[in-house]
>>> print(open('query-v3.cif').read())   # mmCIF, C-alpha atoms
data_my_file
#
loop_
_atom_site.label_atom_id
_atom_site.label_comp_id
_atom_site.auth_asym_id
_atom_site.auth_seq_id
_atom_site.Cartn_x
_atom_site.Cartn_y
_atom_site.Cartn_z
CA GLN A 79 125.22 110.63 107.18
CA GLN A 80 127.42 109.61 110.11
CA ARG A 81 124.45 107.76 111.70
CA ASP A 82 124.88 109.70 114.93
CA SER A 83 121.26 110.45 115.78
CA LYS A 84 122.03 111.95 119.18
CA ALA A 85 124.40 114.49 117.65
CA ALA A 86 121.91 115.24 114.87
CA VAL A 87 119.14 115.93 117.39
CA ARG A 88 121.48 118.09 119.46
CA TRP A 89 122.53 120.24 116.50
CA ALA A 90 118.97 120.55 115.17
CA THR A 91 117.75 121.56 118.62
CA GLN A 92 120.44 124.23 118.92
CA ALA A 93 119.45 125.68 115.56
CA ILE A 94 115.73 125.58 116.41
CA ASP A 95 116.27 127.17 119.83
CA ALA A 96 118.39 129.91 118.25
CA GLY A 97 115.44 130.80 116.04
CA ASP A 98 117.32 130.63 112.75
CA ALA A 99 116.46 127.09 111.63
CA PRO A 100 114.45 126.43 108.45
CA PRO A 101 111.25 124.37 108.84
CA VAL A 102 113.01 121.24 107.57
CA ALA A 103 114.99 121.17 110.83
CA PHE A 104 111.86 119.88 112.57
CA TYR A 105 111.44 117.17 109.94
CA LEU A 106 115.05 116.06 110.23
CA ARG A 107 114.95 116.08 114.02
CA GLY A 108 111.74 114.06 113.93
CA ARG A 109 113.36 111.39 111.78
CA GLU A 110 116.34 111.16 114.10
CA ARG A 111 114.14 111.05 117.18
CA LEU A 112 112.33 108.03 115.76
CA ARG A 113 115.72 106.39 115.27
CA LEU A 114 116.27 107.04 118.99
CA ALA A 115 112.87 105.52 119.88
CA GLU A 116 111.63 108.95 121.01
CA PHE A 117 108.30 108.38 119.31
CA SER A 118 106.06 111.05 120.85
CA GLN A 119 108.75 113.69 120.39
CA ALA A 120 109.11 112.62 116.75
CA VAL A 121 105.38 113.12 116.21
CA ASP A 122 105.61 116.56 117.80
CA ASP A 123 108.43 117.55 115.45
CA PHE A 124 106.57 116.30 112.39
CA ASP A 125 103.48 118.19 113.53
CA GLN A 126 105.46 121.39 113.84
CA TYR A 127 106.95 120.85 110.39
CA ILE A 128 103.44 120.49 108.97
CA ARG A 129 102.29 123.64 110.75
CA LEU A 130 105.13 125.53 109.12
CA LYS A 131 104.71 123.86 105.70
CA PRO A 132 101.07 122.75 105.36
CA ALA A 133 101.53 121.71 101.74
CA ILE A 134 103.62 118.69 102.74
CA ALA A 135 101.02 117.24 105.15
CA THR A 136 99.92 114.43 102.84
CA ARG A 137 103.52 113.31 102.22
CA MET A 138 104.44 112.65 105.82
CA TRP A 139 104.55 108.86 105.99
CA GLU A 140 107.28 109.10 108.62
CA ARG A 141 104.78 110.81 110.89
CA GLY A 142 102.39 107.91 110.43
CA ILE A 143 105.00 105.39 111.53
CA ALA A 144 105.88 107.54 114.53
CA CYS A 145 102.17 107.68 115.40
CA TYR A 146 102.00 103.87 115.40
CA TYR A 147 104.83 103.55 117.90
CA ALA A 148 103.59 106.49 119.98
CA GLY A 149 100.21 104.77 120.33
CA LYS A 150 98.45 107.49 118.35
CA PHE A 151 96.70 104.99 116.13
CA LYS A 152 93.76 107.09 114.92
CA GLU A 153 96.17 109.83 113.85
CA GLY A 154 98.24 107.21 112.07
CA VAL A 155 95.18 105.91 110.23
CA GLN A 156 94.42 109.39 108.96
CA GLN A 157 98.03 110.10 108.03
CA PHE A 158 98.28 106.99 105.86
CA ARG A 159 94.87 107.66 104.35
CA ASP A 160 96.08 111.14 103.44
CA TYR A 161 99.35 109.81 102.01
CA GLN A 162 97.33 107.58 99.68
CA THR A 163 96.16 110.75 97.92
CA TYR A 164 99.79 111.67 97.28
CA HIS A 165 101.10 108.21 96.30
CA GLY A 166 98.45 105.60 95.59
CA ASN A 167 100.69 102.67 94.68
CA ASP A 168 102.79 102.11 97.81
CA VAL A 169 102.26 98.80 99.62
CA GLU A 170 104.11 100.08 102.68
CA ASN A 171 101.55 102.84 103.13
CA ALA A 172 98.71 100.32 102.92
CA VAL A 173 100.44 98.03 105.41
CA TRP A 174 100.98 100.73 108.03
CA PHE A 175 97.40 101.89 107.51
CA VAL A 176 96.20 98.37 108.38
CA ALA A 177 98.58 98.25 111.35
CA CYS A 178 97.19 101.45 112.83
CA LEU A 179 93.57 100.59 112.04
CA ALA A 180 93.99 97.11 113.53
CA LYS A 181 94.86 98.73 116.85
CA VAL A 182 91.56 100.61 116.70
CA ASP A 183 89.11 98.15 115.14
CA GLY A 184 90.91 94.80 115.19
CA LEU A 185 92.89 93.10 112.43
CA LYS A 186 90.01 91.35 110.68
CA LYS A 187 88.06 94.55 110.15
CA ALA A 188 91.20 96.47 109.21
CA GLN A 189 92.03 93.95 106.51
CA THR A 190 88.69 94.55 104.83
CA GLN A 191 89.47 98.28 104.62
CA ILE A 192 93.01 98.03 103.29
CA LEU A 193 93.90 100.81 100.87
CA PRO A 194 93.86 99.71 97.19
CA ILE A 195 97.26 99.16 95.58
CA PRO A 196 97.29 98.46 91.81
CA PHE A 197 100.82 97.07 91.58
CA ASP A 198 103.94 97.88 93.56
CA ARG A 199 106.87 96.64 91.46
CA ARG A 200 109.16 96.08 94.42
CA VAL A 201 109.62 92.44 95.40
CA PRO A 202 108.05 91.03 97.59
CA MET A 203 105.63 93.93 98.13
CA MET A 204 102.57 92.45 96.44
CA GLU A 205 102.93 89.24 98.45
CA ILE A 206 103.17 91.37 101.60
CA TYR A 207 100.06 93.25 100.47
CA ASN A 208 98.16 89.98 100.00
CA LEU A 209 99.20 88.89 103.48
CA TYR A 210 97.90 92.07 105.06
CA ARG A 211 94.60 91.93 103.20
CA GLY A 212 94.07 88.36 104.39
CA ALA A 213 94.67 86.63 101.06
CA GLY A 214 98.28 85.47 101.38
CA THR A 215 100.72 83.68 103.64
CA ALA A 216 104.06 84.32 105.26
CA GLU A 217 105.47 81.44 103.24
CA GLN A 218 104.48 83.15 99.99
CA VAL A 219 106.29 86.30 101.11
CA MET A 220 109.50 84.41 101.82
CA GLU A 221 109.29 82.44 98.57
CA ALA A 222 108.85 85.63 96.55
CA VAL A 223 112.16 87.16 97.67
CA LYS A 224 114.04 84.71 95.43
CA LYS A 225 112.17 85.61 92.25
CA GLY A 226 114.17 86.61 89.19
CA ASP A 227 117.63 85.55 90.37
CA PRO A 228 118.35 88.66 92.50
CA THR A 229 121.85 89.93 93.15
CA PRO A 230 123.17 89.61 96.72
CA GLN A 231 122.30 93.27 97.36
CA GLN A 232 118.79 92.87 95.95
CA LEU A 233 118.25 89.71 98.00
CA ASN A 234 119.40 91.45 101.17
CA ASP A 235 117.01 94.34 100.54
CA ARG A 236 114.13 92.00 99.81
CA LEU A 237 114.78 89.98 102.96
CA MET A 238 114.99 93.17 104.98
CA TYR A 239 111.50 94.20 103.90
CA ALA A 240 110.12 90.67 104.19
CA HIS A 241 111.25 90.24 107.79
CA LEU A 242 110.22 93.78 108.75
CA TYR A 243 106.66 93.33 107.56
CA LEU A 244 106.32 89.76 108.77
CA GLY A 245 107.45 91.03 112.15
CA LEU A 246 104.86 93.77 112.11
CA TYR A 247 102.18 91.33 110.95
CA TYR A 248 102.84 88.89 113.77
CA GLU A 249 102.69 91.76 116.23
CA LEU A 250 99.17 92.51 114.96
CA LEU A 251 98.32 88.85 115.46
CA GLY A 252 99.58 89.04 119.04
CA ASP A 253 102.42 86.56 118.45
CA GLU A 254 105.17 88.47 120.23
CA ALA A 255 107.79 85.73 119.87
CA LYS A 256 107.47 85.42 116.09
CA SER A 257 107.23 89.17 115.70
CA LEU A 258 110.42 89.82 117.64
CA ALA A 259 112.24 86.99 115.86
CA HIS A 260 111.53 88.51 112.46
CA MET A 261 112.42 92.03 113.58
CA LYS A 262 115.71 90.83 115.06
CA THR A 263 116.53 88.90 111.90
CA CYS A 264 115.85 92.04 109.88
CA ALA A 265 117.94 94.25 112.14
CA GLU A 266 120.83 91.87 112.71
CA GLN A 267 121.17 89.99 109.43
CA HIS A 268 119.88 92.33 106.71
CA LYS A 269 121.27 95.75 107.46
CA ASN A 270 121.14 98.10 104.50
CA GLY A 271 121.12 101.42 106.34
CA ASN A 272 117.84 102.76 104.98
CA TYR A 273 115.12 104.29 107.12
CA MET A 274 112.92 101.20 107.22
CA TRP A 275 115.82 99.09 108.42
CA ASP A 276 116.14 101.60 111.26
CA VAL A 277 112.45 101.11 112.01
CA ALA A 278 113.02 97.35 112.38
CA ARG A 279 116.09 97.95 114.56
CA VAL A 280 114.22 100.35 116.84
CA HIS A 281 111.17 98.08 116.96
CA ALA A 282 113.28 95.09 118.00
CA ALA A 283 115.10 97.07 120.69
CA ALA A 284 111.93 98.66 122.07
CA ARG A 285 109.96 95.41 122.21
CA SER A 286 112.91 93.53 123.70
CA ALA A 287 113.21 96.12 126.43
CA THR A 288 109.50 95.85 127.18
CA ALA A 289 109.69 92.06 127.35
CA LYS A 290 112.59 92.22 129.81
CA SER A 291 110.93 94.78 132.09
CA PRO A 292 109.77 93.29 135.41
CA PRO A 293 106.00 93.30 135.94
CA LYS A 294 104.60 96.24 137.88
CA ALA A 295 103.51 95.61 141.44
CA ASP A 296 99.78 95.30 142.01
CA SER A 297 98.77 98.56 143.66
CA ASN A 298 95.85 96.79 145.35
CA ARG A 299 98.11 94.56 147.39
#
>>> encode(input="query-v3.cif", output="structure tokens")
Amino acid sequence: QQRDSKAAVRWATQAIDAGDAPPVAFYLRGRERLRLAEFSQAVDDFDQYIRLKPAIATRMWERGIACYYAGKFKEGVQQFRDYQTYHGNDVENAVWFVACLAKVDGLKKAQTQILPIPFDRRVPMMEIYNLYRGAGTAEQVMEAVKKGDPTPQQLNDRLMYAHLYLGLYYELLGDEAKSLAHMKTCAEQHKNGNYMWDVARVHAAARSATAKSPPKADSNR
């Protein structure tokens, strides 16, 4: 609640190491580790949570996102495919499924296998879905956010999701500049404090750091 992820991880770790933590401690630590860009560690925590509570395995969309950033794309594909059996009308699940599958088989093939979504009422989710299945445009996503005369709060939330998923889409296309621009816009201009806003913030920071890193020396020289 205080948005202090380092402190949250520290306290969760102390409880886990003491041996008196409930299984949910691993889940909570995993969420905070993703907020700290500790992607592989987040996956490990989510895996341990699932081992302790197997019944929640299909619900773990957070694990799928962590898998994407940890480079565990095949595991992410399966996680989002499993989540579809729990909630079959979530555009975000279909989008992250495509993102992970695109890293394995390429975007074009991944788009043809997108998970079916009947109708996600959240705006502009269906326009985002059409974009990821290859039947829509970025312009249509941005136009949709203004539908129905939204309140300032609704508009901010819609823009947050629009820029997040446009940023992810351009990353899949290999357009790093556009991807980072959208993620930064999401993180810097449309803060709403929810978990997906944190994903955009962490994405922007991680990709910016990678872009600024000096190239590695050629070991053959």
>>> atom_distance(input="query-v3.cif", atom1="CA of Ala103 (chain A)", atom2="CA of Met238 (chain A)")
28.6 Å
>>> atom_distance(input="query-v3.cif", atom1="CA of Phe124 (chain A)", atom2="CA of Ala284 (chain A)")
20.8 Å
>>> closest_residue(input="query-v3.cif", among="A:Val169, A:Ala265, A:Leu106, A:Leu114", to="Asn234 (chain A)", atoms="only C-alpha atoms")
A:Ala265
>>> resolve_selection(input="query-v3.cif", expression="the PyMOL selection byres ((chain A and resi 236) around 10)", output="PyMOL selection string")
chain A and resi 200-203+219-220+222-224+228+230-235+237-242+268
>>> residues_around(input="query-v3.cif", residues="Leu244 (chain A)", least_positions_apart="3", cutoff="10 Å", atoms="only C-alpha atoms", output="ChimeraX atom specification")
/A:206,209-210,215-216,219-220,239-241,247-250,256-261,264
>>> residues_around(input="query-v3.cif", residues="Leu179 (chain A)", least_positions_apart="5", cutoff="7 Å", atoms="all atoms listed in the file", output="MDAnalysis selection string")
chainID A and resid 151 155 188
>>> write_last_selection(input="query-v3.cif", atoms="C-alpha atoms", output="PDB file, in the frame of the given file")
ATOM      1  CA  PHE A 151      96.700 104.990 116.130  1.00  0.00           C
ATOM      2  CA  VAL A 155      95.180 105.910 110.230  1.00  0.00           C
ATOM      3  CA  ALA A 188      91.200  96.470 109.210  1.00  0.00           C
TER       4      ALA A 188
END
>>> atom_distance(input="query-v3.cif", atom1="CA of Tyr127 (chain A)", atom2="CA of Val102 (chain A)")
6.7 Å
>>> resolve_selection(input="query-v3.cif", expression="the PyMOL selection byres ((chain A and resi 110) around 9)", output="PyMOL selection string")
chain A and resi 82-84+86-87+105-109+111-116+120
>>> closest_residue(input="query-v3.cif", among="A:Ala289, A:Leu130, A:Leu246, A:Val182", to="Ile143 (chain A)", atoms="all atoms listed in the file")
A:Leu246
>>> closest_residue(input="query-v3.cif", among="A:Arg285, A:Lys262, A:Arg81, A:Lys152", to="Ala177 (chain A)", atoms="only C-alpha atoms")
A:Lys152
>>> resolve_selection(input="query-v3.cif", expression="the PyMOL selection byres ((chain A and resi 198) around 12)", output="list in words")
His165, Gly166, Asn167, Asp168, Val169, Glu170, Asn171, Ala172, Pro194, Ile195, Pro196, Phe197, Arg199, Arg200, Val201, Pro202, Met203, Met204, Glu205, Ile206, Tyr207 and Asn208 of chain A
>>> closest_residue(input="query-v3.cif", among="A:Gln191, A:Ala213, A:Trp139, A:Asp276", to="Thr163 (chain A)", atoms="all atoms listed in the file")
A:Trp139
>>> closest_residue(input="query-v3.cif", among="A:Gln156, A:Thr263, A:Ile94, A:Asn270", to="Gln126 (chain A)", atoms="all atoms listed in the file")
A:Ile94
>>> residues_around(input="query-v3.cif", residues="Ala135 (chain A)", least_positions_apart="5", cutoff="10 Å", atoms="only C-alpha atoms", output="list in words")
Phe124, Asp125, Tyr127, Ile128, Arg129, Arg141, Gln157, Asp160, Tyr161 and Tyr164 of chain A
>>> build_atoms(input="query-v3.cif", residues="region 193-225 of chain A", atoms="N, CA and C atoms", output="short mmCIF file (atom, residue, chain, number, x, y, z; two decimals), keeping the file's coordinate frame")
data_model
loop_
_atom_site.label_atom_id
_atom_site.label_comp_id
_atom_site.auth_asym_id
_atom_site.auth_seq_id
_atom_site.Cartn_x
_atom_site.Cartn_y
_atom_site.Cartn_z
N LEU A 193 93.87 99.87 101.99
CA LEU A 193 93.90 100.81 100.87
C LEU A 193 94.24 100.06 99.57
N PRO A 194 93.62 100.42 98.45
CA PRO A 194 93.86 99.71 97.19
C PRO A 194 95.23 100.04 96.61
N ILE A 195 95.95 99.00 96.22
CA ILE A 195 97.26 99.16 95.58
C ILE A 195 97.25 98.42 94.25
N PRO A 196 97.34 99.12 93.12
CA PRO A 196 97.29 98.46 91.81
C PRO A 196 98.44 97.48 91.61
N PHE A 197 99.67 97.97 91.74
CA PHE A 197 100.82 97.07 91.58
C PHE A 197 102.10 97.79 91.98
N ASP A 198 102.66 97.37 93.09
CA ASP A 198 103.94 97.88 93.56
C ASP A 198 105.01 96.94 93.00
N ARG A 199 105.90 97.47 92.16
CA ARG A 199 106.87 96.64 91.46
C ARG A 199 107.93 96.02 92.37
N ARG A 200 108.11 96.57 93.54
CA ARG A 200 109.16 96.08 94.42
C ARG A 200 108.82 94.68 94.95
N VAL A 201 109.79 93.81 94.90
CA VAL A 201 109.62 92.44 95.40
C VAL A 201 110.10 92.41 96.85
N PRO A 202 109.29 91.80 97.77
CA PRO A 202 108.05 91.03 97.59
C PRO A 202 106.81 91.83 98.04
N MET A 203 106.67 93.06 97.60
CA MET A 203 105.63 93.93 98.13
C MET A 203 104.21 93.43 97.87
N MET A 204 103.94 92.89 96.70
CA MET A 204 102.57 92.45 96.44
C MET A 204 102.21 91.22 97.28
N GLU A 205 103.19 90.38 97.56
CA GLU A 205 102.93 89.24 98.45
C GLU A 205 102.68 89.73 99.88
N ILE A 206 103.42 90.77 100.29
CA ILE A 206 103.17 91.37 101.60
C ILE A 206 101.78 91.99 101.63
N TYR A 207 101.40 92.65 100.55
CA TYR A 207 100.06 93.25 100.47
C TYR A 207 98.97 92.17 100.61
N ASN A 208 99.14 91.06 99.91
CA ASN A 208 98.16 89.98 100.00
C ASN A 208 98.06 89.44 101.42
N LEU A 209 99.20 89.35 102.10
CA LEU A 209 99.20 88.89 103.48
C LEU A 209 98.37 89.82 104.35
N TYR A 210 98.59 91.10 104.20
CA TYR A 210 97.90 92.07 105.06
C TYR A 210 96.43 92.24 104.71
N ARG A 211 96.04 91.86 103.51
CA ARG A 211 94.60 91.93 103.20
C ARG A 211 93.90 90.60 103.45
N GLY A 212 94.65 89.64 104.00
CA GLY A 212 94.07 88.36 104.39
C GLY A 212 93.98 87.34 103.29
N ALA A 213 94.76 87.53 102.22
CA ALA A 213 94.67 86.63 101.06
C ALA A 213 96.02 85.97 100.73
N GLY A 214 96.97 86.05 101.64
CA GLY A 214 98.28 85.47 101.38
C GLY A 214 98.86 84.86 102.64
N THR A 215 100.07 84.34 102.52
CA THR A 215 100.72 83.68 103.64
C THR A 215 102.14 84.20 103.82
N ALA A 216 102.68 83.96 104.99
CA ALA A 216 104.06 84.32 105.26
C ALA A 216 105.01 83.52 104.37
N GLU A 217 104.64 82.29 104.10
CA GLU A 217 105.47 81.44 103.24
C GLU A 217 105.57 82.03 101.83
N GLN A 218 104.48 82.55 101.33
CA GLN A 218 104.48 83.15 99.99
C GLN A 218 105.38 84.39 99.95
N VAL A 219 105.40 85.14 101.04
CA VAL A 219 106.29 86.30 101.11
C VAL A 219 107.74 85.86 101.03
N MET A 220 108.11 84.86 101.79
CA MET A 220 109.50 84.41 101.82
C MET A 220 109.91 83.73 100.51
N GLU A 221 108.98 83.06 99.87
CA GLU A 221 109.29 82.44 98.57
C GLU A 221 109.52 83.50 97.50
N ALA A 222 108.79 84.59 97.58
CA ALA A 222 108.85 85.63 96.55
C ALA A 222 110.20 86.34 96.51
N VAL A 223 110.91 86.40 97.63
CA VAL A 223 112.16 87.16 97.67
C VAL A 223 113.20 86.61 96.70
N LYS A 224 113.05 85.35 96.31
CA LYS A 224 114.04 84.71 95.43
C LYS A 224 113.70 84.85 93.95
N LYS A 225 112.60 85.50 93.64
CA LYS A 225 112.17 85.61 92.25
C LYS A 225 113.18 86.36 91.39
#
